[in-house]
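S.K.: Structure provided below as structure tokens; questions to follow.
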Amino acid sequence: MTLLIVENLNKNFGGVVAARNVSFSLVAGEILAMIGPNGAGKSTSFNMVGGQLRPDSGRVLLAGQDITGLPPRAICRLGVGRSFQVAQTFLSMSVLENLQMALIAYAGRTRDMLARSSALFRDEALGLLNQVGMAEAAARPMGALAYGDVKRVELAIALSGAPRLLLMDEPTAGMAPAERAALMRLVADIARRAAIGVLFTEHDMDAVFAHADRILVLVRGEIIAAGTPEEVRANPEVQRVYLGTSGLRAALRARAAAHG
Amino acid sequence: MSVEFSFLLVQALSGLASASSLFIIASGLTLVFGVTRIVNFAHGSFYMLGAYVAVSIVPWLLQIERSPTLFFVGVLISACVVGVLGVVMEILLLRRIYKVPELFQLLATFGVVLMVQDAVLYFWGPLDIAGPRAPGLRHGVMILDQRFPAYELFLIAAGPVVLGLLWLLMHKTRFGILLRAATRDRDMVGALGVNQALLFTGTLFLGAFLAGLGGALQIPRVSASAQMDLSIITEAFVVTVIGGMGSIGGAFLAALLIGQLQAFGVLIFPKITLVLVFLLMALVLVVKPWGLLGRPESTAGHTALPEGIMQPRGFAAAEKLLLLLAVLAAASVPIFGDTYTIKVATEVLIFALAAFSLNFLVGNGGIVSFGHAAYFGLGAYASGLLVTKLGMPMEPALIAAPLAGGFFAALFGFFIVRLQGIYLAMLTLAFAQIAYAVCFQWVEVTGGDNGIVGVWPSTWAASRSAYHYIVLVAAMAGILALRHVIYAPFGASLRAARDSAQRAEAIGIDVRTHRWLGFTIAGAAAGLAGGLYAFSKGSIDPTLLGIPLSVDFLAMILLGGMQTVMGPVLGAAAFHSIKDIFMPLTDHWRFLLGASIIALVLIFPRGLGGAYAALRARFSGGAP
Amino acid sequence: MDSIFFGRRALLAGGAGLAAAAAGRGAAAQGAPIRIGELNSYSRMAAFCIPYRNAMQMAAEQINAAGGVMGGRRLEFIFRDDGATPGDAVRVAEELLTRENVSFIAGTFLSNVGLAVADFANQRKRLFFATEPLSDAITMAQGNRYTWRLRPSTFMQTRMLVEAARGRTQKRWAIVAPNYEYGQSAAANFKRLIGGAIPGAEIIAEQYPALGRVDAGATVGALAQARPDAIFNVLFGPDLTAFVREGNTRGLFERRFVLSLLTGEPEYMIPLGDETPEGWVVTGYPWEQVEGAEHRAFVEAYRARFNDTPRKGSLLGYVTVQVLANMLNRANSLDNEVLVDTLRDLRTETVVGNVTMRGIDQQGSMGTWVGETTQRNGQGTMRNARYADGADYMFPEEEVRAARRA
Ligand SMILES: Nc1ncnc2c1ncn2[C@@H]1O[C@H](COP(=O)(O)OP(=O)(O)OP(=O)(O)O)[C@@H](O)[C@H]1O
Ligand SMILES: [Mg+2]
């Protein structure tokens with residue numbers, strides 16, 4: 001069944017149209033990429049799905065349930081895990097504690113005033129870190145990690161609630177190309193195995209075309225194309241925007257100049 | 001009818017004159033905050049210095065010739081002198097602490113306040129000094145059938161003129177454009193390659209100049225007195241917060257609002273003018289969390305290390321021993337010490353609990369409270385009133401103290417935890433002042449500012465030593481319980497919400513409710529401390545809820561080190577000792593207290609606890 | 001008592017000390033000194049408290065030079081800042097009693113501090129000689145065996161002023177008072193008493209600005225709007241200066257009768273300078289007009305010693321020491337129970353004449369001066385001043401009994 005249905009989402013910031021009639025859907029186990037130039041409205045769309053932003057109009061359905069305008073914590077409890085464009089982790093804690101915290105939260109034990117938090121969910125936390133290849137760094141303070149590692153831990157945090165849907169806003173930003181491919185393979189692997197739906201954005205087109213089942217192209221808040229990588233590649237509109245796979249920014253600049 | 005109208009008009013004009021004066025002062029405060037992000041308590045001291053310098057310079061100038069020109073020349077010179085003092089403070093103090101936690105900077109400026117108070121007494125003497133009136137503006141002007149001071153008409157014009165000049169400065173000069181850029185985005189200035197030190201020095205000059213100008217312009221109306229600083233600083237803060245921190249236009253709007261509120265407030269509520277402004281501030285912040293014209297502080301993408309408790313760790317073996325020794329020492333005070341030592345030890349224990357509860361909020365939860373004494377005081381009042389009014393014995397009255405502290409913390413906290421950063425801190429201050437005003441005004445029940453005496457312990461606990469043991473047990477229980485919570489999932493959740501509210505929400509933590517609960521728990525612990533304090537003093541009075549005590553608590557956690565779990569206990573002991581050593585020594589103990597606060601901030605920018613932690617890390621890390 | 005001249009010779013220790021000091025060196029005191037703890041708001045209320053302490057030191061020196069008290073023991077004051085809060089003050093009092101081994105304590109300025117220390121003294125069963133706090137509660141509802149007050153209370157000073165208004169015709173009164181206990185209770189006392197002095201008098205407007213934060217323009221405007229015939233003012237310090245300036249400019253005081261508490265005290269009069277209004281009836285201390293050899297000697301000694309004119313605080317400090325010295329000589333013991341009993345109805349000849357510590361409410365009969373304000377050489381001063389002996393203005397005895405029983 002369809003895991004996520006997004007219908008006609010709109011969002012304006014003052015005069016800026018960040019999303020206009022954004023609609024798409026996603027089935028379990030599918031990996032959907034959303035691409036588009038800077039300021040296209042990708043993060044805005046993610047935030048409307050994740051609950052960080054309330055849409056001006058439109059609906060978001062998760063497994064048939066209307067979650068539009070619910071607070072992030074409620075959406076999280078319904079099985080949506082996410083990462084942020086600027087990674088959000090708990091910088092004062094160790095890597096392991098970050099995971100323990102997430103597991104405590106998913107277990108609904110954050111109001112527990114008796115237990116010692118450092119003793120809870122250790123093994124589960126290590127297991128998750130192992131999954132993303134960060135078990136070695138478990139004891140390190142979060143603030144001391146390289147940004148790519150932070151992103152990896154954030155992925156582990158997002159996975160710790162055994163989500164049905166994973167939202168990843170630029171998961172590989174700050175990583176070396178080899179690392180990127182590895183991370184995306186990992187995500188794809190997890191998604192297939194656990195039948196998790198994944199929605200992600202990337203500026204790295206290699207990652208997008210290598211791993212996405214389908215691709216949405218967002219420009220100035222509007223979806224201008226959607227389909228399999230082949231369809232999107234073949235789309236003349238998209239081709240006009242993307243000369244090659246890595247020329248996104250240059251292409252956009254050219255396009256903007258052409259339109260005056 | 002015309003009588004009524006002319007009166008209303010003149011009253012509105014009076015309000016405008018106050019608003020103008022207030023704006024000139026507040027504009028400097030908001031500027032300094034906007035650029036340096038320092039909450040400058042010393043701004044009130046600059047205002048006071050402006051008045052003192054003016055009452056010294058202006059009469060001297062007027063002896064040359066009684067001309068309006070020389071009067072205003074004198075006023076401007078005074079403002080410049082104060083501006084230079086601002087530069088001195090920037091270079092000698094602020095420049096060294098831009099990198100330390102924001103609260104430390106606030107504490108350092110509070111140290112300056114204390115020092116300036118005594119310096120003023122030293123240089124100008126204790127007597128109020130009345131300045132000369134402005135030549136040519138002594139008279140009253142008839143407005144319809146009412147007489148209105150010409151000087152106040154001048155003041156009414158002065159505010160908008162200053163606003164206009166500031167606008168020009170901000171938009172037409174390079175310095176001003178940098179100021180605006182820095183206000184909007186601090187990092188950007190560094191990126192632009194601007195000499196940040198010079199920019200900050202210039203800002204401090206401008207800020208202090210405006211404060212000094214505000215003070216100097218007041219000399220025809222009020223005499224220079226050593227209490228001017230604290231009376232203006234709270235009002236100036238209220239104006240900047242209502243207007244939106246960093247917004248000069250907002251400050252102007254807020255000053256107008258407050259001026260009119262006071263002018264007409266005295267007609268309708270002649271007894272509660274003081275609290276009216278805080279009610280207004282609370283109202284504005286509840287409706288507009290960033291003030292009238294303030295911008296939300298961008299928190300997204302904020303990846304700085306949080307200031308506060310990092311990874312709390314358990315006690316090492318040596319520390320357990322140390323703790324045991326400390327408890328033994330506290331327990332043996334009644335055996336070896338005289339009654340005064342017992343009294344001081346009792347107080348240190350009580351303040352340790354209060355400070356610990358504050359750090360539970362500030363250090364662990366990132367919720368900075370400027371009004372923590374409110375819950376301390378309300379706990380004391382609950383106990384005191386039950387004992388004196390209802391004749392209850394001490395035991396149930398002591399149980400009521402944390403309940404009262406917790407209840408009011410829950411009530412106020414409901415609104416407080418909706419805000420962020422400095423606005424949140426200011427709302428805690430507003431609620432504390434409202435609570436203070438109620439205790440102060442509700443004479444029939446609370447005894448007004450005289451308070452209530454006769455709050456003594458039950459007979460079995462009446463001796464100093466017996467009561468000391470009660471406090472020892474209660475304070476230790478409170479501290480250990482709170483400490484336990486810090487290590488528990490709830491405490492970790494508060495830290496998580498402090499580090500990244502967005503992430504905390506995204507893993508399913510209800511950040512607001514958790515903060516609210518945390519605020520309530522801290523309030524309850526402070527309430528318990530207050531109840532214990534009431535019985536140790538035998539009396540309750542509104543100073544227990546006052547700003548000075550709230551600042552004392554902040555000083556304790558900062559001196560102790562707010563990023564350590566047990567630091568506040570150390571801080572309470574250190575702060576109390578400093579006060580205890582200096583107070584009997586000299587009349588100028590406030591100067592010494594201020595100087596030691598500044599010295600501690602400079603020497604131990606992470607507090608005593610932080611210094612200890614660094615030392616420990618050095619030892620364990622450096623050992624072969 | 002209508003005259004401000006004191007004809008009597010000083011008889012007792014304090015006066016004798018003065019006389020001896022004036023005559024040259026007397027026999028210096030020997031034996032263990034008698035230590036008295038003095039706590040006051042020297043930092044917060046410096047304008048009043050520092051002249052007060054100066055005079056105390058001077059008085060103690062004079063007495064010691066003349067042979068001390070209790071047959072040759074030196075009088076020694078241990079001064080402490082009370083932090084201007086009850087919490088600090090109670091701790092400081094404890095320190096004085098325990099660490100400094102003082103025989104008893106004296107002082108305090110603010111009423112809430114005074115009341116807290118009084119209760120503490122009662123708890124510890126030690127004498128507390130409350131010198132400055134004005135609150136009626138100290139000797140009335142919250143009075144206790146160990147607490148004695150010297151300075152005329154709010155009630156007494158208000159009563160002196162109201163008596164001075166007797167026979168006036170002004171019926172419509174406005175009150176302006178600082179919004180704290182002193183202001184509130186002065187206003188309450190005034191409301192209670194004014195009807196007796198001026199039948200048919202009514203209060204038509206009241207303003208209670210926050211202490212130290214008067215919004216003078218708004219307050220004066222509100223008072224003027226009520227069109228009173230007369231004003232009862234309780235503002236002092238910076239509030240008073242601001243109020244007077246604003247009122248002068250706006251003509252609030254023109255053709256209006258004003259009664260004003262404490263305004264004639266030099267502490268508050270000096271800052272008024274050439275703005276001092278004409279013809280207000282005030283309580284105060286016109287030190288330069290007070291005759292009597294002892295008082296003049298006190299003024300001269302003070303000026304010579306401190307190169308400054310005496311303030312009301314100075315007078316109070318001096319008289320305090322005179323009364324305490326007399327008490328010690330009479331009691332000839334440091335047992336606080338004996339001291340308290342000695343104070344009961346103790347009469348002392350002081351530089352302001354006879355002062356009796358009335359036993360029933362433990363209130364001293366020290367008075368103050370009532371007169372009209374005027375200007376001389378651009379400085380405020382008083383004219384037609386007369387000494388109002390506190391003994392004539394105390395609370396009626398039945399009232400004291402009722403209040404202190406509760
Ligand atoms: N909170 C906000 N207030 C005002 N404008 C906003 C806000 N958030 C986003 N915008 C604007 O909305 C538009 C879409 O922004 P969004 O962050 O969604 O783009 P994006 O596609 O994620 O870009 P990028 O690739 O740079 O991350 C941009 O013009 C942005 O400036
Ligand atoms: Mg984005």
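Residues are referred to by chain and number: the chain letter is A, B, ... according to the order shown in the structure tokens, the number counts from 1 in that chain, and ligands are numbered separately from 1 in the order shown.
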When the cut-off is 12 Å and you count only C-alpha atoms and all ligand atoms, which residues lie near ligand 2, shown as number ranges by chain?
M.R.: A: 18, 34-47, 83-87, 168-171, 173, 200-203, 218, 221; B: 300-301
S.K.: Please identify all polymer residues within 8 Å of B:Asp128, counting only C-alpha atoms, omitting same-chain residues fewer than 5 positions from it, and present them as a list in words.
M.R.: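 Listed by chain and then number, they are Ser223, Ala224, Ser225 and Ala226 of chain B; Ala47, Gly237, Pro238 and Pro271 of chain C.
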S.K.: Please provide as a list in words all residues within 6 Å of stretch 318-324 of chain C, with the sequence filter that same-chain residues fewer than 5 positions apart are discarded (counting only C-alpha atoms).
M.R.: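 In the requested form, the answer reads Gly14, Ala55, Met56, Ala59 and Thr348 of chain C.
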S.K.: Please provide as JSON, numbers by chain all residues within 10 Å of B:Val277, with the sequence filter that same-chain residues fewer than 6 positions apart are discarded (counting only C-alpha atoms).
M.R.: {"B": [234, 235, 238, 239, 242, 257, 258, 259, 261, 262, 265, 283, 430, 433, 434]}
S.K.: Quick one: pick out all strand (DSSP E) residues within stretch 41-139 of chain C from a backbone DSSP run and write them as a list in words.
M.R.: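 Residues of stretch 41-139 of chain C classed as strand (DSSP E): Leu75, Glu76, Phe77, Ile78, Phe79, Arg80, Asp81, Phe104, Ile105, Ala106, Gly107, Phe128, Phe129 and Ala130 of chain C.
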S.K.: What does the file look like for those residues with all heavy atoms, as a compact mmCIF listing (two decimals), in the first residue's frame?
M.R.:
```
# COMPACT_ATOMS: atom_id res chain seq x y z
N LEU C 75 33.96 52.61 76.19
CA LEU C 75 32.81 52.28 75.35
C LEU C 75 33.35 52.00 73.95
O LEU C 75 34.10 52.81 73.40
CB LEU C 75 31.89 53.50 75.31
CG LEU C 75 30.42 53.31 75.08
CD1 LEU C 75 29.86 52.25 76.01
CD2 LEU C 75 29.70 54.62 75.31
N GLU C 76 32.99 50.88 73.39
CA GLU C 76 33.55 50.55 72.08
C GLU C 76 32.43 50.06 71.16
O GLU C 76 31.69 49.15 71.52
CB GLU C 76 34.59 49.44 72.26
CG GLU C 76 35.60 49.36 71.15
CD GLU C 76 36.65 48.30 71.47
OE1 GLU C 76 37.42 48.49 72.43
OE2 GLU C 76 36.66 47.28 70.78
N PHE C 77 32.32 50.70 70.01
CA PHE C 77 31.29 50.27 69.06
C PHE C 77 31.91 49.43 67.96
O PHE C 77 32.96 49.79 67.42
CB PHE C 77 30.59 51.49 68.44
CG PHE C 77 29.60 52.12 69.36
CD1 PHE C 77 29.95 53.18 70.18
CD2 PHE C 77 28.29 51.64 69.42
CE1 PHE C 77 29.04 53.75 71.04
CE2 PHE C 77 27.37 52.21 70.27
CZ PHE C 77 27.74 53.27 71.10
N ILE C 78 31.27 48.33 67.63
CA ILE C 78 31.71 47.52 66.50
C ILE C 78 30.69 47.76 65.38
O ILE C 78 29.53 47.37 65.49
CB ILE C 78 31.70 46.02 66.84
CG1 ILE C 78 32.30 45.78 68.22
CG2 ILE C 78 32.41 45.22 65.76
CD1 ILE C 78 33.74 46.14 68.34
N PHE C 79 31.12 48.46 64.33
CA PHE C 79 30.19 48.82 63.27
C PHE C 79 30.18 47.77 62.17
O PHE C 79 31.22 47.28 61.75
CB PHE C 79 30.57 50.17 62.66
CG PHE C 79 30.43 51.31 63.64
CD1 PHE C 79 31.53 51.79 64.33
CD2 PHE C 79 29.19 51.88 63.86
CE1 PHE C 79 31.41 52.82 65.24
CE2 PHE C 79 29.06 52.93 64.76
CZ PHE C 79 30.18 53.41 65.45
N ARG C 80 28.97 47.46 61.70
CA ARG C 80 28.84 46.50 60.61
C ARG C 80 27.78 46.97 59.62
O ARG C 80 26.78 47.57 60.02
CB ARG C 80 28.36 45.15 61.16
CG ARG C 80 29.41 44.36 61.86
CD ARG C 80 30.34 43.69 60.87
NE ARG C 80 31.24 42.77 61.56
CZ ARG C 80 32.34 43.14 62.19
NH1 ARG C 80 32.71 44.40 62.22
NH2 ARG C 80 33.09 42.24 62.80
N ASP C 81 27.99 46.66 58.36
CA ASP C 81 26.96 46.93 57.37
C ASP C 81 25.91 45.83 57.46
O ASP C 81 26.26 44.65 57.55
CB ASP C 81 27.56 46.95 55.97
CG ASP C 81 26.65 47.64 54.98
OD1 ASP C 81 25.53 47.15 54.73
OD2 ASP C 81 27.06 48.69 54.46
N PHE C 104 25.38 43.92 73.48
CA PHE C 104 24.04 44.01 72.90
C PHE C 104 24.19 44.71 71.56
O PHE C 104 25.29 45.10 71.17
CB PHE C 104 23.06 44.75 73.81
CG PHE C 104 23.48 46.15 74.15
CD1 PHE C 104 23.05 47.23 73.35
CD2 PHE C 104 24.29 46.42 75.24
CE1 PHE C 104 23.45 48.52 73.66
CE2 PHE C 104 24.67 47.72 75.55
CZ PHE C 104 24.26 48.76 74.76
N ILE C 105 23.06 44.85 70.83
CA ILE C 105 23.16 45.45 69.51
C ILE C 105 22.29 46.69 69.37
O ILE C 105 21.32 46.88 70.12
CB ILE C 105 22.80 44.43 68.39
CG1 ILE C 105 21.50 43.74 68.72
CG2 ILE C 105 23.91 43.45 68.17
CD1 ILE C 105 21.08 42.72 67.67
N ALA C 106 22.66 47.52 68.42
CA ALA C 106 21.94 48.76 68.17
C ALA C 106 21.96 49.03 66.68
O ALA C 106 22.74 48.43 65.95
CB ALA C 106 22.61 49.92 68.92
N GLY C 107 21.08 49.93 66.26
CA GLY C 107 21.14 50.40 64.88
C GLY C 107 19.97 50.01 64.02
O GLY C 107 18.84 49.90 64.49
N PHE C 128 18.14 45.06 71.88
CA PHE C 128 18.31 45.66 70.55
C PHE C 128 17.82 47.10 70.65
O PHE C 128 16.64 47.35 70.89
CB PHE C 128 17.53 44.88 69.50
CG PHE C 128 17.44 45.58 68.17
CD1 PHE C 128 18.56 46.18 67.59
CD2 PHE C 128 16.24 45.64 67.49
CE1 PHE C 128 18.47 46.83 66.37
CE2 PHE C 128 16.15 46.29 66.26
CZ PHE C 128 17.26 46.89 65.71
N PHE C 129 18.74 48.04 70.51
CA PHE C 129 18.39 49.45 70.58
C PHE C 129 18.21 49.93 69.14
O PHE C 129 19.17 50.28 68.46
CB PHE C 129 19.52 50.21 71.30
CG PHE C 129 19.08 51.53 71.85
CD1 PHE C 129 18.29 51.59 73.00
CD2 PHE C 129 19.45 52.71 71.24
CE1 PHE C 129 17.89 52.81 73.53
CE2 PHE C 129 19.05 53.94 71.76
CZ PHE C 129 18.27 53.99 72.90
N ALA C 130 16.93 49.92 68.70
CA ALA C 130 16.63 50.30 67.31
C ALA C 130 16.67 51.81 67.21
O ALA C 130 15.84 52.50 67.78
CB ALA C 130 15.26 49.78 66.92
```
S.K.: Using only C-alpha atoms, which residues sit within 12 Å of stretch 441-448 of chain B once same-chain residues fewer than 2 positions away are excluded, as number ranges by chain?
M.R.: B: 270-275, 377-378, 380-386, 388-390, 433-439, 450-453, 539-543; C: 111-112, 115, 137, 141-142, 179-185, 208, 210
